[in-house]
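K.L.:
Take a look at final_35.cif, mmCIF, C-alpha atoms:
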data_query
#
loop_
_atom_site.label_atom_id
_atom_site.label_comp_id
_atom_site.auth_asym_id
_atom_site.auth_seq_id
_atom_site.Cartn_x
_atom_site.Cartn_y
_atom_site.Cartn_z
CA MET A 114 -18.01 29.99 -28.68
CA VAL A 115 -17.93 30.95 -24.97
CA ASN A 116 -15.44 28.16 -24.18
CA MET A 117 -13.21 29.25 -27.06
CA LEU A 118 -13.25 32.82 -25.77
CA LYS A 119 -12.36 31.67 -22.24
CA LYS A 120 -9.50 29.60 -23.62
CA LEU A 121 -8.21 32.55 -25.65
CA ILE A 122 -8.35 34.86 -22.62
CA LYS A 123 -6.45 32.31 -20.52
CA GLN A 124 -3.78 31.98 -23.22
CA LEU A 125 -3.39 35.76 -23.40
CA ILE A 126 -3.03 35.97 -19.61
CA MET A 127 -0.56 33.10 -19.52
CA HIS A 128 1.65 34.04 -22.44
CA CYS A 129 1.28 37.82 -22.66
CA PHE A 130 0.15 39.35 -19.37
CA PHE A 131 2.11 37.14 -16.95
CA PRO A 132 5.48 37.55 -18.75
CA LEU A 133 4.92 41.32 -18.95
CA TYR A 134 3.83 41.52 -15.31
CA TYR A 135 6.91 39.54 -14.29
CA ARG A 136 9.21 41.94 -16.16
CA ILE A 137 7.60 44.90 -14.43
CA CYS A 138 7.94 43.28 -10.99
CA ALA A 139 11.53 42.28 -11.81
CA MET A 140 12.48 45.95 -12.07
CA ARG A 141 12.96 45.71 -8.31
CA ARG A 142 16.12 44.15 -6.91
CA VAL A 143 16.32 40.50 -5.96
CA ASN A 144 16.18 39.94 -2.22
CA GLU A 145 19.31 37.83 -1.72
CA LYS A 146 17.85 36.17 1.37
CA SER A 147 14.39 35.39 0.01
CA VAL A 148 13.13 31.81 -0.35
CA LEU A 149 9.91 30.97 -2.17
CA PHE A 150 8.04 27.64 -2.09
CA ILE A 151 5.34 27.15 -4.73
CA GLU A 152 2.65 24.52 -4.19
CA VAL A 153 0.80 24.02 -7.47
CA ARG A 154 -2.04 21.76 -6.24
CA LEU A 155 -1.84 20.97 -2.54
CA GLU A 156 -3.34 23.04 0.27
CA VAL A 157 -0.49 22.41 2.70
CA LEU A 158 3.27 22.33 2.44
CA SER A 159 4.15 19.03 0.77
CA ASN A 160 6.48 16.44 2.22
CA ASN A 161 9.21 17.24 -0.30
CA PHE A 162 9.30 20.84 0.92
CA THR A 163 8.99 20.32 4.67
CA LEU A 164 12.63 19.61 5.53
CA LEU A 165 13.88 22.28 3.14
CA TYR A 166 11.51 24.78 4.73
CA GLN A 167 12.76 23.81 8.20
CA TYR A 168 16.37 24.10 7.05
CA PHE A 169 15.94 27.70 5.88
CA ASN A 170 13.68 28.56 8.82
CA GLN A 171 16.47 27.69 11.27
CA GLU A 172 18.45 30.61 9.88
CA ASP A 173 17.06 34.00 10.91
CA GLU A 174 18.58 35.68 7.86
CA PHE A 175 16.18 34.06 5.36
CA GLN A 176 12.73 35.40 4.54
CA ILE A 177 10.47 32.53 3.50
CA LYS A 178 7.23 32.78 1.55
CA THR A 179 4.86 30.05 0.39
CA HIS A 180 2.28 30.34 -2.37
CA TYR A 181 -0.56 27.84 -2.78
CA LEU A 182 -1.97 28.03 -6.31
CA TYR A 183 -4.77 25.46 -5.78
CA ASN A 184 -4.69 24.38 -9.40
CA GLY A 185 -7.81 22.31 -10.11
CA LYS A 186 -9.35 23.12 -6.71
CA VAL A 187 -10.61 26.66 -7.28
CA SER A 188 -12.18 28.48 -10.21
CA GLU A 189 -10.01 29.39 -13.20
CA MET A 190 -10.07 33.07 -12.32
CA ALA A 191 -9.20 32.40 -8.67
CA TYR A 192 -6.28 30.25 -9.81
CA LEU A 193 -4.98 32.93 -12.18
CA SER A 194 -5.34 35.53 -9.42
CA ARG A 195 -3.22 33.37 -7.11
CA CYS A 196 -0.66 32.96 -9.91
CA LYS A 197 -0.44 36.74 -10.31
CA LYS A 198 0.34 37.20 -6.61
CA MET A 199 2.94 34.43 -6.81
CA ILE A 200 4.65 36.03 -9.83
CA LYS A 201 5.13 39.25 -7.88
CA ASP A 202 7.19 37.37 -5.28
CA LEU A 203 8.84 35.15 -7.90
CA ALA A 204 10.28 38.26 -9.58
CA THR A 205 12.34 39.23 -6.53
CA SER A 206 13.09 35.83 -4.95
CA LYS A 207 16.60 34.42 -4.83
CA TYR A 208 15.75 30.75 -4.21
CA VAL A 209 12.55 29.21 -5.58
CA PHE A 210 11.35 25.65 -5.05
CA LEU A 211 8.83 23.67 -7.13
CA ASN A 212 7.79 20.04 -6.71
CA GLU A 213 5.97 19.54 -10.00
CA GLY A 214 5.77 21.11 -13.43
CA SER A 215 4.29 24.60 -13.73
CA ASN A 216 3.22 26.26 -16.96
CA VAL A 217 2.99 29.58 -15.09
CA VAL A 218 6.60 29.59 -13.85
CA SER A 219 7.67 28.33 -17.27
CA ALA A 220 5.80 31.15 -19.05
CA VAL A 221 8.14 33.89 -17.83
CA ASN A 222 11.78 34.51 -18.68
CA LEU A 223 13.29 34.05 -15.25
CA ARG A 224 16.01 36.51 -14.29
CA LYS A 225 19.50 35.05 -13.99
CA GLU A 226 19.86 36.00 -10.31
CA THR A 227 17.07 33.58 -9.29
CA LYS A 228 17.79 29.91 -8.61
CA LEU A 229 14.81 27.69 -9.47
CA VAL A 230 15.01 24.20 -7.95
CA GLN A 231 12.71 21.38 -9.01
CA THR A 232 12.58 18.82 -6.20
CA TRP A 233 9.83 16.75 -7.90
CA HIS A 234 7.22 14.91 -5.85
CA GLY A 235 8.42 11.36 -6.35
CA CYS A 236 11.66 9.41 -6.09
CA GLY A 237 13.14 7.16 -8.73
CA ALA A 238 11.53 6.80 -12.16
CA PHE A 239 8.37 4.74 -12.51
CA LYS A 240 5.43 6.15 -14.48
CA LYS A 241 6.21 8.19 -17.57
CA PHE A 242 5.49 11.91 -17.43
CA GLY A 243 6.14 15.11 -19.34
CA HIS A 244 7.69 14.67 -22.79
CA SER A 245 8.18 10.94 -22.13
CA LEU A 246 4.40 10.60 -21.97
CA ASN A 247 3.53 13.15 -24.64
CA LYS A 248 6.32 13.84 -27.11
CA GLU A 249 4.26 16.61 -28.71
CA LEU A 250 3.70 18.48 -25.46
CA LYS A 251 3.41 22.10 -26.56
CA GLU A 252 2.75 23.90 -23.28
CA PRO A 253 6.07 24.52 -21.47
CA PHE A 254 6.13 23.05 -17.96
CA TYR A 255 9.83 22.52 -17.26
CA ARG A 256 11.61 25.77 -18.16
CA ASN A 257 13.95 27.99 -16.14
CA TYR A 258 15.36 25.28 -13.86
CA SER A 259 18.73 25.78 -12.22
CA LEU A 260 18.60 22.33 -10.63
CA VAL A 261 16.48 19.18 -10.70
CA THR A 262 17.26 16.85 -7.79
CA VAL A 263 16.86 13.09 -8.29
CA SER A 264 17.44 10.00 -6.18
CA SER A 265 20.25 8.28 -8.13
CA GLN A 266 22.39 8.40 -11.23
CA GLU A 267 20.30 5.53 -12.63
CA VAL A 268 17.23 7.74 -13.19
CA VAL A 269 18.91 10.89 -14.54
CA TRP A 270 18.14 9.84 -18.11
CA ALA A 271 14.39 9.59 -17.43
CA TYR A 272 14.14 13.12 -16.00
CA LYS A 273 16.27 14.51 -18.83
CA GLU A 274 13.90 12.90 -21.33
CA ALA A 275 10.70 13.94 -19.54
CA MET A 276 11.76 17.54 -18.96
CA GLN A 277 13.98 17.97 -22.04
CA LEU A 278 16.96 18.96 -19.89
CA THR A 279 20.70 18.23 -19.69
CA ASP A 280 23.17 16.70 -17.24
CA GLU A 281 24.08 20.21 -16.10
CA ILE A 282 20.59 20.64 -14.63
CA VAL A 283 19.53 17.12 -13.53
CA LYS A 284 21.71 16.09 -10.61
CA PRO A 285 21.62 12.88 -8.51
CA ILE A 286 22.16 14.61 -5.16
CA GLY A 287 19.19 13.05 -3.37
CA VAL A 288 15.58 13.80 -2.45
CA SER A 289 15.05 15.97 0.62
CA ARG A 290 12.18 14.13 2.30
CA THR A 291 14.05 10.80 2.31
CA ASP A 292 16.26 12.13 5.11
CA LEU A 293 13.49 11.08 7.52
CA TYR A 294 14.10 7.40 6.77
CA PHE A 295 17.58 7.70 8.26
CA ASP A 296 16.30 9.28 11.48
CA GLN A 297 15.83 6.41 13.93
CA ASP A 298 13.95 8.58 16.43
CA PHE A 299 11.45 9.54 13.74
CA ILE A 300 11.00 5.92 12.66
CA GLN A 301 10.42 4.66 16.21
CA ASN A 302 8.10 7.52 17.18
CA ALA A 303 6.06 7.07 13.99
CA ALA A 304 5.61 3.37 14.66
CA LYS A 305 4.58 4.04 18.26
CA LYS A 306 2.05 6.77 17.38
CA VAL A 307 0.42 4.79 14.59
CA ASN A 308 0.23 1.62 16.68
CA GLU A 309 -1.39 3.44 19.59
CA LYS A 310 -3.86 5.40 17.46
CA PHE A 311 -5.05 2.43 15.42
CA GLN A 312 -4.69 -0.10 18.28
CA ILE A 313 -2.67 -2.50 16.17
CA GLY A 314 -1.10 -4.27 19.12
CA THR A 315 0.78 -7.46 18.22
CA LYS A 316 -0.74 -7.73 14.75
CA LYS A 317 1.27 -6.84 11.67
CA MET A 318 0.39 -3.61 9.92
CA ILE A 319 -0.09 -3.60 6.16
CA LEU A 320 -0.09 -0.23 4.41
CA TYR A 321 -2.23 -0.15 1.27
CA ALA A 322 -1.22 2.92 -0.72
CA PRO A 323 -2.19 2.82 -4.40
CA THR A 324 -1.69 5.71 -6.77
CA PHE A 325 -4.65 7.54 -8.30
CA ARG A 326 -6.36 6.74 -11.58
CA GLY A 327 -7.15 9.22 -14.35
CA GLU A 328 -5.78 12.76 -14.48
CA ALA A 329 -4.60 14.61 -11.38
CA HIS A 330 -7.24 17.37 -11.57
CA ARG A 331 -10.05 14.79 -11.56
CA ALA A 332 -8.37 11.83 -9.94
CA SER A 333 -10.21 8.72 -8.80
CA GLU A 334 -9.22 6.00 -6.36
CA ALA A 335 -8.02 2.53 -7.33
CA SER A 336 -10.52 -0.32 -7.16
CA VAL A 337 -11.65 -1.23 -3.68
CA LEU A 338 -10.09 -4.19 -1.86
CA GLU A 339 -12.15 -7.34 -1.38
CA TYR A 340 -12.86 -6.59 2.29
CA LYS A 341 -14.89 -9.67 3.19
CA TYR A 342 -12.50 -12.13 1.56
CA LEU A 343 -9.39 -10.59 3.13
CA TYR A 344 -11.08 -10.20 6.52
CA GLU A 345 -11.91 -13.89 6.76
CA LEU A 346 -8.34 -14.93 5.90
CA LEU A 347 -6.19 -12.30 7.56
CA ALA A 348 -7.99 -10.38 10.32
CA ASP A 349 -6.58 -12.50 13.15
CA LYS A 350 -2.96 -11.55 12.34
CA PHE A 351 -3.03 -8.38 10.26
CA VAL A 352 -4.43 -4.86 10.12
CA ILE A 353 -4.65 -2.98 6.82
CA VAL A 354 -4.30 0.82 6.85
CA LEU A 355 -5.54 2.70 3.77
CA LYS A 356 -3.62 5.74 2.52
CA TYR A 357 -5.23 7.56 -0.37
CA HIS A 358 -3.23 9.60 -2.85
CA PRO A 359 -3.39 13.31 -1.86
CA VAL A 360 -5.04 14.40 -5.14
CA VAL A 361 -8.00 12.01 -4.65
CA GLN A 362 -11.02 13.86 -3.25
CA ASP A 363 -13.72 11.16 -2.99
CA HIS A 364 -12.62 8.36 -0.71
CA ILE A 365 -14.17 4.90 -0.64
CA LYS A 366 -15.95 4.23 2.66
CA VAL A 367 -15.06 1.02 4.49
CA PRO A 368 -18.14 -0.96 5.63
CA GLU A 369 -18.57 -0.69 9.38
CA GLU A 370 -18.19 -4.42 10.03
CA TYR A 371 -14.62 -4.36 8.65
CA GLN A 372 -13.38 -1.14 10.20
CA SER A 373 -11.35 -2.90 12.89
CA PHE A 374 -9.42 -4.69 10.13
CA ILE A 375 -9.41 -2.07 7.34
CA ILE A 376 -8.55 1.32 8.83
CA ASN A 377 -8.87 4.53 6.83
CA ASN A 378 -5.99 6.85 7.67
CA ASP A 379 -8.04 9.97 6.75
CA ASN A 380 -4.91 12.15 6.76
CA GLN A 381 -4.23 11.46 10.44
CA PHE A 382 -0.64 10.49 9.65
CA SER A 383 1.76 11.45 6.89
CA ILE A 384 2.87 8.91 4.32
CA GLU A 385 6.35 8.94 5.90
CA GLU A 386 4.92 8.00 9.30
CA LEU A 387 2.78 5.25 7.81
CA LEU A 388 5.68 3.77 5.83
CA CYS A 389 7.86 3.73 8.94
CA ALA A 390 5.10 2.07 10.98
CA SER A 391 4.16 -0.63 8.48
CA ASP A 392 5.50 -4.17 8.28
CA ILE A 393 4.37 -4.69 4.67
CA CYS A 394 3.50 -2.21 1.93
CA ILE A 395 1.01 -2.97 -0.83
CA SER A 396 1.07 -0.57 -3.74
CA ASP A 397 0.65 -0.69 -7.48
CA TYR A 398 2.36 2.00 -9.58
CA SER A 399 3.19 4.56 -6.89
CA SER A 400 6.67 6.03 -6.51
CA LEU A 401 6.44 5.63 -2.73
CA ILE A 402 7.99 2.18 -3.24
CA PHE A 403 11.35 3.89 -3.73
CA GLU A 404 11.09 5.47 -0.28
CA TYR A 405 9.88 2.24 1.29
CA ALA A 406 12.89 0.44 -0.16
CA LEU A 407 15.09 2.50 2.17
CA LEU A 408 13.49 0.62 5.08
CA GLU A 409 14.22 -2.76 3.42
CA ARG A 410 10.81 -4.29 4.17
CA PRO A 411 8.49 -6.51 2.10
CA MET A 412 6.49 -5.02 -0.77
CA ILE A 413 3.57 -6.48 -2.72
CA PHE A 414 2.36 -5.06 -6.04
CA TYR A 415 -1.40 -5.31 -6.52
CA ALA A 416 -1.60 -4.60 -10.25
CA HIS A 417 -5.06 -5.85 -11.17
CA ASP A 418 -5.32 -3.26 -13.98
CA GLU A 419 -1.72 -3.32 -15.15
CA GLN A 420 -2.44 -3.39 -18.88
CA ASP A 421 -5.01 -0.59 -18.74
CA TYR A 422 -2.71 1.57 -16.65
CA MET A 423 0.27 0.89 -18.89
CA ASP A 424 -1.77 1.85 -21.96
CA GLN A 425 -2.61 5.18 -20.32
CA ARG A 426 0.73 6.08 -18.69
CA GLY A 427 3.49 3.66 -19.61
CA PHE A 428 6.55 2.86 -17.49
CA TYR A 429 10.23 3.70 -17.76
CA TYR A 430 11.15 0.11 -16.91
CA GLU A 431 9.54 -3.25 -17.67
CA TYR A 432 7.05 -3.45 -14.82
CA GLU A 433 7.26 -7.08 -13.68
CA GLN A 434 11.05 -7.18 -14.01
CA PHE A 435 11.40 -3.88 -12.19
CA THR A 436 9.26 -4.48 -9.09
CA PRO A 437 11.14 -5.76 -5.98
CA GLY A 438 8.37 -8.07 -4.84
CA PRO A 439 5.52 -10.28 -6.06
CA VAL A 440 3.09 -8.83 -8.62
CA VAL A 441 -0.46 -10.07 -7.97
CA LYS A 442 -3.65 -9.59 -9.95
CA THR A 443 -6.39 -11.29 -7.92
CA LYS A 444 -7.66 -11.29 -4.34
CA GLU A 445 -6.43 -14.87 -3.93
CA GLU A 446 -2.91 -13.99 -5.07
CA LEU A 447 -2.92 -10.92 -2.85
CA ALA A 448 -3.89 -12.88 0.26
CA LYS A 449 -1.26 -15.54 -0.46
CA ALA A 450 1.48 -12.93 -0.92
CA ILE A 451 0.58 -11.36 2.44
CA ILE A 452 0.65 -14.71 4.22
CA ASP A 453 3.98 -15.59 2.54
CA ALA A 454 5.60 -12.27 3.47
CA ASP A 455 7.46 -13.91 6.37
CA ASN A 456 9.57 -15.71 3.74
CA TYR A 457 10.13 -12.56 1.68
CA ASP A 458 13.63 -12.30 0.18
CA VAL A 459 14.68 -8.80 1.22
CA SER A 460 17.82 -8.97 -0.92
CA CYS A 461 15.76 -7.90 -3.95
CA VAL A 462 14.71 -4.75 -2.08
CA LYS A 463 18.32 -4.00 -1.16
CA ALA A 464 19.38 -4.33 -4.80
CA PHE A 465 16.47 -2.10 -5.83
CA LYS A 466 17.47 0.49 -3.23
CA ASP A 467 21.11 0.48 -4.33
CA LYS A 468 20.08 1.04 -7.93
CA PHE A 469 17.38 3.68 -7.60
CA MET A 470 18.07 5.40 -4.24
CA SER A 471 21.86 5.52 -4.00
CA SER A 472 21.95 9.32 -3.57
CA CYS A 473 19.59 9.26 -0.59
CA ASP A 474 21.68 8.90 2.56
CA GLY A 475 20.07 11.12 5.18
CA ASN A 476 21.89 14.28 4.07
CA ALA A 477 20.01 15.22 0.91
CA THR A 478 18.42 18.40 2.30
CA LYS A 479 21.76 19.87 3.36
CA ARG A 480 23.37 18.82 0.09
CA ILE A 481 20.65 20.50 -2.01
CA VAL A 482 20.95 23.79 -0.12
CA GLU A 483 24.75 23.73 -0.23
CA TYR A 484 24.66 23.00 -3.96
CA ILE A 485 22.54 26.03 -4.85
CA MET A 486 24.52 28.25 -2.48
CA GLN A 487 27.76 27.03 -4.01
CA GLU A 488 26.43 27.87 -7.49
CA ASP A 489 26.37 31.52 -6.42
#
In structure tokens, write the structure found in this file.
P.N.:
Amino acid sequence: MVNMLKKLIKQLIMHCFFPLYYRICAMRRVNEKSVLFIEVRLEVLSNNFTLLYQYFNQEDEFQIKTHYLYNGKVSEMAYLSRCKKMIKDLATSKYVFLNEGSNVVSAVNLRKETKLVQTWHGCGAFKKFGHSLNKELKEPFYRNYSLVTVSSQEVVWAYKEAMQLTDEIVKPIGVSRTDLYFDQDFIQNAAKKVNEKFQIGTKKMILYAPTFRGEAHRASEASVLEYKYLYELLADKFVIVLKYHPVVQDHIKVPEEYQSFIINNDNQFSIEELLCASDICISDYSSLIFEYALLERPMIFYAHDEQDYMDQRGFYYEYEQFTPGPVVKTKEELAKAIIDADNYDVSCVKAFKDKFMSSCDGNATKRIVEYIMQED
């Protein structure tokens, strides 16, 4: 009974109070130079917002605000309180940026003067989400958008399906954060910093960056690597750096005897820096492979639970035909793929990049800003 009452109260706040509160706040004029970034889950500005934030911050005329809603990380009442404060700024903002779905932003009827841009938090189209995953999704998460930016024409259909949108909204004009992979100074500095910090030396660096398992608000890490087995075969020539997905809270601890071979990043470097510093990337179902393809380096897909994951999420493309690199299921296959990486055919990565990342050319941030300005 108590849980039902809490659920009812939340629904009333979401679908009655918030829309009304927004209308009251929207009685004020829109600030034509206001820019609002909304982080739904993360506690810091995400990588897909960073370059956009810097772009606007270079111009003194813009007033920038950022709201962190901490969804899933604070109590329900604290979350709703943060949403209320965000709505007050949303009502008078000219340019608003999201990087994932938001039932709060979707609950209001956004005024026509506001431009709402969905940058999304991943490139390409890999795991199904939104209406592609749940065709009977009743809670609105993808309303009010003026623009959804994607990485190529190839994936427009997937975002249209997932968000129930049209070609007028979903545009292949690039993904802001990918501009870093065309900045040679950034790439070289990242490689230098990571090498020095982790003392990699002449060994090759392998980045292991799996996606999370379960639901985002209670995410768990992928199965642990077979440290002892890999150490005995690879430690003389390779170093493996672990990068956990940002929504995972409980990280697996590496046994002390393997810590010179298996290094936990522990948020010391961004995913962009780690990708630029690595010689090989091992992932599973993470969209970071689209970004890594821009560097045209070897990828290995450690998909030991492929069937289970596919049953839970599903993919937009046939997994083993889609991946630009070997798919391995066991520790033996994984070790062999690492050793064989010197003979990796990079042409498959180039073809993958041309198909899924063709709109990412180092100028996406500027193009996104110019597009929404032009719309005015």
K.L.:
One decimal, Å: what's the distance from atom CA of Gln434 of chain A over to atom CA of Lys468 of chain A, could you say?
P.N.:
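Rounded to one decimal, the two atoms are 13.6 Å apart.
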K.L.:
What does the structure give for the distance between atom CA of Glu156 of chain A and atom CA of Val187 of chain A, in Å to one decimal?
P.N.:
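Atom CA of Val187 of chain A lies 11.1 Å from atom CA of Glu156 of chain A.
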K.L.:
What does the PyMOL selection byres ((chain A and resi 405) around 10) select in this file, as a list of chain:residue names?
P.N.:
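Evaluating the PyMOL selection byres ((chain A and resi 405) around 10) on these coordinates yields A:Thr291, A:Tyr294, A:Glu385, A:Leu388, A:Cys389, A:Ser391, A:Ile393, A:Cys394, A:Ser400, A:Leu401, A:Ile402, A:Phe403, A:Glu404, A:Ala406, A:Leu407, A:Leu408, A:Glu409, A:Arg410, A:Pro411, A:Met412, A:Val462, A:Lys466.
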K.L.:
Mind telling me what the PyMOL selection byres ((chain A and resi 151) around 6) catches here, as a list in words?
P.N.:
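Answer for the PyMOL selection byres ((chain A and resi 151) around 6): Phe150, Glu152, Thr179, His180 and Leu211 of chain A.
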K.L.:
Could you make a table, as a tab-separated table, of the residues of segment 251-308 of chain A that have an atom within 9 Å of an atom of segment 157-172 of chain A, each with its nearest atom pair and distance in Å to one decimal, counting all atoms listed in the file, in chain and number order?
P.N.:
residue	atom	partner	partner_atom	distance
A:Val288	CA	A:Asn161	CA	7.6
A:Ser289	CA	A:Asn161	CA	6.0
A:Arg290	CA	A:Asn161	CA	5.0
A:Thr291	CA	A:Asn161	CA	8.5
A:Asp292	CA	A:Leu164	CA	8.3
A:Leu293	CA	A:Leu164	CA	8.8
K.L.:
Could you state the separation of atom CA of Ile452 of chain A and atom CA of Leu355 of chain A in Å, given to one decimal place?
P.N.:
18.5 Å
K.L.:
Counting all atoms listed in the file, note down every residue that has an atom within 12 Å of the point (0.3, 1.8, 17.4) (file coordinates), as a JSON list (two decimals) with C-alpha atoms, in the frame of the given file.
P.N.:
[["chain", "number", "residue", "atom", "x", "y", "z"],
["A", 301, "GLN", "CA", 10.42, 4.66, 16.21],
["A", 302, "ASN", "CA", 8.10, 7.52, 17.18],
["A", 303, "ALA", "CA", 6.06, 7.07, 13.99],
["A", 304, "ALA", "CA", 5.61, 3.37, 14.66],
["A", 305, "LYS", "CA", 4.58, 4.04, 18.26],
["A", 306, "LYS", "CA", 2.05, 6.77, 17.38],
["A", 307, "VAL", "CA", 0.42, 4.79, 14.59],
["A", 308, "ASN", "CA", 0.23, 1.62, 16.68],
["A", 309, "GLU", "CA", -1.39, 3.44, 19.59],
["A", 310, "LYS", "CA", -3.86, 5.40, 17.46],
["A", 311, "PHE", "CA", -5.05, 2.43, 15.42],
["A", 312, "GLN", "CA", -4.69, -0.10, 18.28],
["A", 313, "ILE", "CA", -2.67, -2.50, 16.17],
["A", 314, "GLY", "CA", -1.10, -4.27, 19.12],
["A", 315, "THR", "CA", 0.78, -7.46, 18.22],
["A", 316, "LYS", "CA", -0.74, -7.73, 14.75],
["A", 317, "LYS", "CA", 1.27, -6.84, 11.67],
["A", 318, "MET", "CA", 0.39, -3.61, 9.92],
["A", 352, "VAL", "CA", -4.43, -4.86, 10.12],
["A", 354, "VAL", "CA", -4.30, 0.82, 6.85],
["A", 382, "PHE", "CA", -0.64, 10.49, 9.65],
["A", 386, "GLU", "CA", 4.92, 8.00, 9.30],
["A", 387, "LEU", "CA", 2.78, 5.25, 7.81],
["A", 389, "CYS", "CA", 7.86, 3.73, 8.94],
["A", 390, "ALA", "CA", 5.10, 2.07, 10.98],
["A", 391, "SER", "CA", 4.16, -0.63, 8.48]]
K.L.:
Report as a ChimeraX atom specification all protein, DNA and RNA residues lying within 6 Å of segment 131-142 of chain A, evaluated on only C-alpha atoms, omitting residues in the same chain fewer than 5 positions from it.
P.N.:
/A:126,201,204,221
K.L.:
Between A:Met423, A:Leu118, A:Val261, A:Ala322, which is the closest to Lys240 of chain A once you count only C-alpha atoms?
P.N.:
A:Met423
K.L.:
From the list A:Pro439, A:Gly287, A:Gly214, A:Gly235, which residue is nearest Glu252 of chain A when using all atoms listed in the file?
P.N.:
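With all atoms listed in the file as the atom set, the closest residue is A:Gly214.
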K.L.:
Nearest residue to Phe465 of chain A out of A:Gln277, A:Ser265, A:Gln420, A:Ser396, using all atoms listed in the file?
P.N.:
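Among the listed residues, A:Ser265 lies closest to Phe465 of chain A.
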K.L.:
Fewer than 3 positions away in the same chain doesn't count, so skip those; otherwise give me all residues within 10 Å of Gln176 of chain A, counting all atoms listed in the file, as a VMD selection string.
P.N.:
chain A and resid 144 to 149 169 to 170 172 to 173 206
K.L.:
Please save C-alpha atoms of the selected residues as a PDB file, in the frame of the given file.
P.N.:
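Contents of part.pdb, as written:
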ATOM      1  CA  ASN A 144      16.180  39.940  -2.220  1.00  0.00           C
ATOM      2  CA  GLU A 145      19.310  37.830  -1.720  1.00  0.00           C
ATOM      3  CA  LYS A 146      17.850  36.170   1.370  1.00  0.00           C
ATOM      4  CA  SER A 147      14.390  35.390   0.010  1.00  0.00           C
ATOM      5  CA  VAL A 148      13.130  31.810  -0.350  1.00  0.00           C
ATOM      6  CA  LEU A 149       9.910  30.970  -2.170  1.00  0.00           C
ATOM      7  CA  PHE A 169      15.940  27.700   5.880  1.00  0.00           C
ATOM      8  CA  ASN A 170      13.680  28.560   8.820  1.00  0.00           C
ATOM      9  CA  GLU A 172      18.450  30.610   9.880  1.00  0.00           C
ATOM     10  CA  ASP A 173      17.060  34.000  10.910  1.00  0.00           C
ATOM     11  CA  SER A 206      13.090  35.830  -4.950  1.00  0.00           C
TER      12      SER A 206
END
K.L.:
Would you write out, as an mmCIF file with C-alpha atoms, in the coordinates of the input, every residue that the PyMOL selection byres ((chain A and resi 213) around 8) captures in this file?
P.N.:
data_model
loop_
_atom_site.group_PDB
_atom_site.id
_atom_site.type_symbol
_atom_site.label_atom_id
_atom_site.label_comp_id
_atom_site.auth_asym_id
_atom_site.auth_seq_id
_atom_site.Cartn_x
_atom_site.Cartn_y
_atom_site.Cartn_z
ATOM 1 C CA VAL A 153 0.800 24.020 -7.470
ATOM 2 C CA LEU A 211 8.830 23.670 -7.130
ATOM 3 C CA ASN A 212 7.790 20.040 -6.710
ATOM 4 C CA GLY A 214 5.770 21.110 -13.430
ATOM 5 C CA SER A 215 4.290 24.600 -13.730
ATOM 6 C CA GLN A 231 12.710 21.380 -9.010
ATOM 7 C CA THR A 232 12.580 18.820 -6.200
ATOM 8 C CA TRP A 233 9.830 16.750 -7.900
ATOM 9 C CA HIS A 234 7.220 14.910 -5.850
#
K.L.:
Write out as a CSV table (one decimal) with C-alpha atoms, keeping the file's coordinate frame which residues come within 8 Å of Gly243 of chain A when counting only C-alpha atoms, dropping same-chain ones fewer than 4 positions away.
P.N.:
chain,number,residue,atom,x,y,z
A,247,ASN,CA,3.5,13.2,-24.6
A,248,LYS,CA,6.3,13.8,-27.1
A,250,LEU,CA,3.7,18.5,-25.5
A,275,ALA,CA,10.7,13.9,-19.5
A,276,MET,CA,11.8,17.5,-19.0
K.L.:
Mind checking which residues fall within 9 Å of Leu223 of chain A, counting all atoms listed in the file, ignoring those fewer than 4 positions away in the same chain, and posting them as a short mmCIF file (atom, residue, chain, number, x, y, z; two decimals) with C-alpha atoms, in the frame of the given file?
P.N.:
data_model
loop_
_atom_site.label_atom_id
_atom_site.label_comp_id
_atom_site.auth_asym_id
_atom_site.auth_seq_id
_atom_site.Cartn_x
_atom_site.Cartn_y
_atom_site.Cartn_z
CA TYR A 135 6.91 39.54 -14.29
CA ARG A 136 9.21 41.94 -16.16
CA LEU A 203 8.84 35.15 -7.90
CA ALA A 204 10.28 38.26 -9.58
CA VAL A 218 6.60 29.59 -13.85
CA SER A 219 7.67 28.33 -17.27
CA THR A 227 17.07 33.58 -9.29
CA LEU A 229 14.81 27.69 -9.47
CA ARG A 256 11.61 25.77 -18.16
CA ASN A 257 13.95 27.99 -16.14
#
K.L.:
Using the file's own x, y and z axes, so that the box edges lie along x, y and z, what centre and edge lengths in Å (one decimal) does a box around every listed atom of segment 375-387 of chain A get when 4 Å is added on each side? Give it as JSON.
P.N.:
{"center_x": -1.5, "center_y": 5.0, "center_z": 7.4, "size_x": 23.8, "size_y": 22.2, "size_z": 14.1}
